Each structure stands twice: as C-alpha cells, then as structure tokens.
$ cat protein_29.cif   # mmCIF, C-alpha atoms; chains and numbers go by the auth columns
data_input
loop_
_atom_site.group_PDB
_atom_site.id
_atom_site.type_symbol
_atom_site.label_atom_id
_atom_site.label_comp_id
_atom_site.label_asym_id
_atom_site.label_seq_id
_atom_site.Cartn_x
_atom_site.Cartn_y
_atom_site.Cartn_z
_atom_site.B_iso_or_equiv
_atom_site.auth_seq_id
_atom_site.auth_asym_id
ATOM 1 C CA MET A 1 29.568 24.662 -40.174 0.00 1457 P
ATOM 2 C CA TRP A 2 26.209 23.020 -39.346 0.00 1458 P
ATOM 3 C CA PRO A 3 22.958 24.522 -40.612 0.00 1459 P
ATOM 4 C CA TRP A 4 21.055 24.384 -37.306 0.00 1460 P
ATOM 5 C CA LYS A 5 21.266 26.672 -34.316 0.00 1461 P
ATOM 6 C CA SER A 6 22.324 25.625 -30.855 0.00 1462 P
ATOM 7 C CA PRO A 7 19.518 25.267 -28.276 0.00 1463 P
ATOM 8 C CA PRO A 8 18.586 28.544 -26.588 0.00 1464 P
ATOM 9 C CA LYS A 9 20.012 29.323 -23.191 0.00 1465 P
ATOM 10 C CA PRO A 10 17.559 29.907 -20.295 0.00 1466 P
ATOM 11 C CA ALA A 11 18.052 33.667 -20.509 0.00 1467 P
ATOM 12 C CA GLU A 12 17.269 33.548 -24.246 0.00 1468 P
ATOM 13 C CA VAL A 13 13.878 31.757 -23.984 0.00 1469 P
ATOM 14 C CA PRO A 14 11.283 33.801 -25.849 0.00 1470 P
ATOM 15 C CA GLU A 15 8.416 35.200 -23.823 0.00 1471 P
ATOM 16 C CA ARG A 16 5.796 33.267 -25.808 0.00 1472 P
ATOM 17 C CA TRP A 17 7.486 29.982 -24.790 0.00 1473 P
ATOM 18 C CA GLU A 18 7.454 31.066 -21.174 0.00 1474 P
ATOM 19 C CA ASP A 19 3.714 31.796 -21.373 0.00 1475 P
ATOM 20 C CA ARG A 20 3.110 28.453 -23.017 0.00 1476 P
ATOM 21 C CA LEU A 21 5.123 26.679 -20.316 0.00 1477 P
ATOM 22 C CA LEU A 22 3.091 28.408 -17.589 0.00 1478 P
ATOM 23 C CA ARG A 23 -0.171 27.317 -19.273 0.00 1479 P
ATOM 24 C CA VAL A 24 1.074 23.733 -19.548 0.00 1480 P
ATOM 25 C CA GLU A 25 2.087 23.711 -15.880 0.00 1481 P
ATOM 26 C CA LYS A 26 -1.309 25.092 -14.839 0.00 1482 P
ATOM 27 C CA THR A 27 -3.081 22.451 -16.957 0.00 1483 P
ATOM 28 C CA GLN A 28 -0.925 19.700 -15.468 0.00 1484 P
ATOM 29 C CA GLU A 29 -1.724 20.874 -11.918 0.00 1485 P
ATOM 30 C CA GLY A 30 -5.454 20.861 -12.749 0.00 1486 P
ATOM 31 C CA ILE A 31 -5.249 17.340 -14.131 0.00 1487 P
ATOM 32 C CA ALA A 32 -3.307 16.137 -11.065 0.00 1488 P
ATOM 33 C CA SER A 33 -5.873 17.748 -8.759 0.00 1489 P
ATOM 34 C CA SER A 34 -8.790 16.169 -10.639 0.00 1490 P
ATOM 35 C CA PHE A 35 -7.100 12.770 -10.538 0.00 1491 P
ATOM 36 C CA LYS A 36 -6.596 13.040 -6.771 0.00 1492 P
ATOM 37 C CA LYS A 37 -10.278 13.947 -6.277 0.00 1493 P
ATOM 38 C CA ILE A 38 -11.418 10.960 -8.343 0.00 1494 P
ATOM 39 C CA GLN A 39 -9.020 8.685 -6.473 0.00 1495 P
ATOM 40 C CA LEU A 40 -10.395 9.816 -3.094 0.00 1496 P
ATOM 41 C CA GLU A 41 -13.972 9.401 -4.304 0.00 1497 P
ATOM 42 C CA TRP A 42 -13.307 5.825 -5.440 0.00 1498 P
ATOM 43 C CA GLU A 43 -11.572 4.978 -2.152 0.00 1499 P
ATOM 44 C CA ASP A 44 -14.637 6.256 -0.280 0.00 1500 P
ATOM 45 C CA THR A 45 -16.976 4.239 -2.506 0.00 1501 P
ATOM 46 C CA TYR A 46 -14.841 1.109 -2.088 0.00 1502 P
ATOM 47 C CA ASN A 47 -14.881 1.493 1.707 0.00 1503 P
ATOM 48 C CA ARG A 48 -18.671 1.876 1.710 0.00 1504 P
ATOM 49 C CA ILE A 49 -19.081 -1.259 -0.394 0.00 1505 P
ATOM 50 C CA LEU A 50 -16.750 -3.186 1.948 0.00 1506 P
ATOM 51 C CA LYS A 51 -18.823 -2.112 4.963 0.00 1507 P
ATOM 52 C CA ALA A 52 -22.078 -3.120 3.277 0.00 1508 P
ATOM 53 C CA VAL A 53 -20.695 -6.529 2.291 0.00 1509 P
ATOM 54 C CA GLY A 54 -19.389 -7.008 5.835 0.00 1510 P
ATOM 55 C CA ARG A 55 -22.836 -6.256 7.257 0.00 1511 P
ATOM 56 C CA LEU A 56 -24.471 -8.696 4.845 0.00 1512 P
ATOM 57 C CA ASN A 57 -21.983 -11.418 5.763 0.00 1513 P
ATOM 58 C CA ALA A 58 -22.542 -10.837 9.471 0.00 1514 P
ATOM 59 C CA ARG A 59 -26.318 -10.999 9.012 0.00 1515 P
ATOM 60 C CA ASP A 60 -25.995 -14.223 7.023 0.00 1516 P
ATOM 61 C CA ARG A 61 -23.739 -15.749 9.711 0.00 1517 P
ATOM 62 C CA THR A 62 -26.239 -14.968 12.472 0.00 1518 P
ATOM 63 C CA GLU A 63 -29.138 -16.374 10.423 0.00 1519 P
ATOM 64 C CA ARG A 64 -27.229 -19.588 9.794 0.00 1520 P
ATOM 65 C CA GLN A 65 -26.408 -19.908 13.491 0.00 1521 P
ATOM 66 C CA ARG A 66 -30.083 -19.458 14.360 0.00 1522 P
ATOM 67 C CA GLU A 67 -31.086 -22.083 11.794 0.00 1523 P
ATOM 68 C CA GLU A 68 -28.553 -24.598 13.118 0.00 1524 P
ATOM 69 C CA ARG A 69 -29.636 -24.078 16.738 0.00 1525 P
ATOM 70 C CA PRO A 70 -32.230 -26.651 17.774 0.00 1526 P
ATOM 71 C CA ALA A 71 -35.656 -25.127 18.272 0.00 1527 P
ATOM 72 C CA ASP A 72 -37.175 -25.352 21.718 0.00 1528 P
ATOM 73 C CA ASN A 73 -40.528 -27.059 21.173 0.00 1529 P
ATOM 74 C CA GLY A 74 -41.804 -26.176 24.653 0.00 1530 P
ATOM 75 C CA GLY A 75 -41.654 -22.394 24.228 0.00 1531 P
ATOM 76 C CA GLU A 76 -42.917 -19.959 21.677 0.00 1532 P
ATOM 77 C CA GLN A 77 -40.834 -19.543 18.542 0.00 1533 P
ATOM 78 C CA THR A 78 -39.486 -16.203 17.469 0.00 1534 P
ATOM 79 C CA LEU A 79 -40.262 -14.759 14.071 0.00 1535 P
ATOM 80 C CA ASP A 80 -36.698 -15.519 12.909 0.00 1536 P
ATOM 81 C CA GLU A 81 -37.075 -19.169 13.915 0.00 1537 P
ATOM 82 C CA ILE A 82 -40.381 -19.396 12.085 0.00 1538 P
ATOM 83 C CA ASN A 83 -38.827 -17.888 8.933 0.00 1539 P
ATOM 84 C CA ALA A 84 -35.861 -20.271 9.170 0.00 1540 P
ATOM 85 C CA ALA A 85 -38.219 -23.241 9.476 0.00 1541 P
ATOM 86 C CA ILE A 86 -40.161 -22.081 6.419 0.00 1542 P
ATOM 87 C CA ARG A 87 -36.906 -21.786 4.440 0.00 1543 P
ATOM 88 C CA ARG A 88 -35.956 -25.354 5.448 0.00 1544 P
ATOM 89 C CA GLY A 89 -39.349 -26.606 4.318 0.00 1545 P
ATOM 90 C CA ALA A 90 -40.411 -27.803 7.753 0.00 1546 P
ATOM 91 C CA PRO A 91 -43.701 -26.444 9.085 0.00 1547 P
ATOM 92 C CA PRO A 92 -42.955 -24.288 12.119 0.00 1548 P
ATOM 93 C CA SER A 93 -44.570 -25.329 15.366 0.00 1549 P
ATOM 94 C CA ALA A 94 -46.193 -21.894 15.764 0.00 1550 P
ATOM 95 C CA PHE A 95 -48.506 -22.685 12.855 0.00 1551 P
ATOM 96 C CA ARG A 96 -49.422 -26.197 13.992 0.00 1552 P
ATOM 97 C CA ARG A 97 -52.885 -26.621 15.412 0.00 1553 P
ATOM 98 C CA PRO A 98 -53.205 -28.444 18.696 0.00 1554 P
#
$ encode --input "protein_29.cif" --output "structure tokens"
Amino acid sequence: MWPWKSPPKPAEVPERWEDRLLRVEKTQEGIASSFKKIQLEWEDTYNRILKAVGRLNARDRTERQREERPADNGGEQTLDEINAAIRRGAPPSAFRRP
C-alpha cells in the first residue's frame, strides 16, 4: 500500500552499514579519550595556578605583617625591614649616618 519499505531488522543490516557503525564508534571513542586528556590537563594547570596564587598571597601577607610591626630602633634592621621602610617612603635607620 505505501511506497516505502519498513526499516531493516537487525539481522538484515547490510555489511557496509556495520562497517560504518564500527568506524563511527571508534571515532567517538577517540574523541571522548581526547576530551578526557584535555580535561585532565586543564585541571592540572588550574591547580598549579591556584598554588602559585596561594604562595603569592601568603608572601604578601607576611610582608604586610612585617611592615605593620614596629621597627626596633636599638638593633640592626633586616633587609626586609629596610625594603619595607623604603616602600613607605621613610628613610630606614640602617642608612642614617650617626
């Protein structure tokens, strides 16, 4: 009655379709594998960036704490204290002449 054929049954699938399906599945597996590799690489890169930013923040926190700590005028200043004084614009006592 209708001009079209019914869909083929699994036993009736031509061999060329089966080959094509196998190639498509192999391509899909390759794409999935490549995507997973890229995803792992980006996670690793993101973790490295987080660690570096964390180290920079920790270094900045310690420098700020050193700058806020009052300098002991009686003793010798450390290099970090001298640098902090230079950043503040105050001449460090290590460079003052007696």
$ atom_distance --input "protein_29.cif" --atom1 "atom CA of P:Ala1514" --atom2 "atom CA of P:Thr1534"
19.5 Å
$ atom_distance --input "protein_29.cif" --atom1 "atom CA of P:Ile1542" --atom2 "atom CA of P:Arg1511"
23.5 Å
$ resolve_selection --input "protein_29.cif" --expression "the PyMOL selection byres ((chain P and resi 1536) around 12)" --output "number ranges by chain"
P: 1515, 1518-1523, 1525, 1527, 1532-1535, 1537-1543, 1548, 1550
$ write_last_selection --input "protein_29.cif" --atoms "C-alpha atoms" --output "PDB file, in the frame of the given file"
ATOM      1  CA  ARG P1515     -26.318 -10.999   9.012  1.00  0.00           C
ATOM      2  CA  THR P1518     -26.239 -14.968  12.472  1.00  0.00           C
ATOM      3  CA  GLU P1519     -29.138 -16.374  10.423  1.00  0.00           C
ATOM      4  CA  ARG P1520     -27.229 -19.588   9.794  1.00  0.00           C
ATOM      5  CA  GLN P1521     -26.408 -19.908  13.491  1.00  0.00           C
ATOM      6  CA  ARG P1522     -30.083 -19.458  14.360  1.00  0.00           C
ATOM      7  CA  GLU P1523     -31.086 -22.083  11.794  1.00  0.00           C
ATOM      8  CA  ARG P1525     -29.636 -24.078  16.738  1.00  0.00           C
ATOM      9  CA  ALA P1527     -35.656 -25.127  18.272  1.00  0.00           C
ATOM     10  CA  GLU P1532     -42.917 -19.959  21.677  1.00  0.00           C
ATOM     11  CA  GLN P1533     -40.834 -19.543  18.542  1.00  0.00           C
ATOM     12  CA  THR P1534     -39.486 -16.203  17.469  1.00  0.00           C
ATOM     13  CA  LEU P1535     -40.262 -14.759  14.071  1.00  0.00           C
ATOM     14  CA  GLU P1537     -37.075 -19.169  13.915  1.00  0.00           C
ATOM     15  CA  ILE P1538     -40.381 -19.396  12.085  1.00  0.00           C
ATOM     16  CA  ASN P1539     -38.827 -17.888   8.933  1.00  0.00           C
ATOM     17  CA  ALA P1540     -35.861 -20.271   9.170  1.00  0.00           C
ATOM     18  CA  ALA P1541     -38.219 -23.241   9.476  1.00  0.00           C
ATOM     19  CA  ILE P1542     -40.161 -22.081   6.419  1.00  0.00           C
ATOM     20  CA  ARG P1543     -36.906 -21.786   4.440  1.00  0.00           C
ATOM     21  CA  PRO P1548     -42.955 -24.288  12.119  1.00  0.00           C
ATOM     22  CA  ALA P1550     -46.193 -21.894  15.764  1.00  0.00           C
TER      23      ALA P1550
END
$ atom_distance --input "protein_29.cif" --atom1 "atom CA of P:Asp1516" --atom2 "atom CA of P:Arg1544"
15.0 Å
$ axis_aligned_box --input "protein_29.cif" --around "stretch 1538-1547 of chain P" --padding-each-side "3 Å" --output "lines of an AutoDock Vina configuration file"
center_x = -39.8
center_y = -22.8
center_z = 8.2
size_x = 13.8
size_y = 15.9
size_z = 13.8
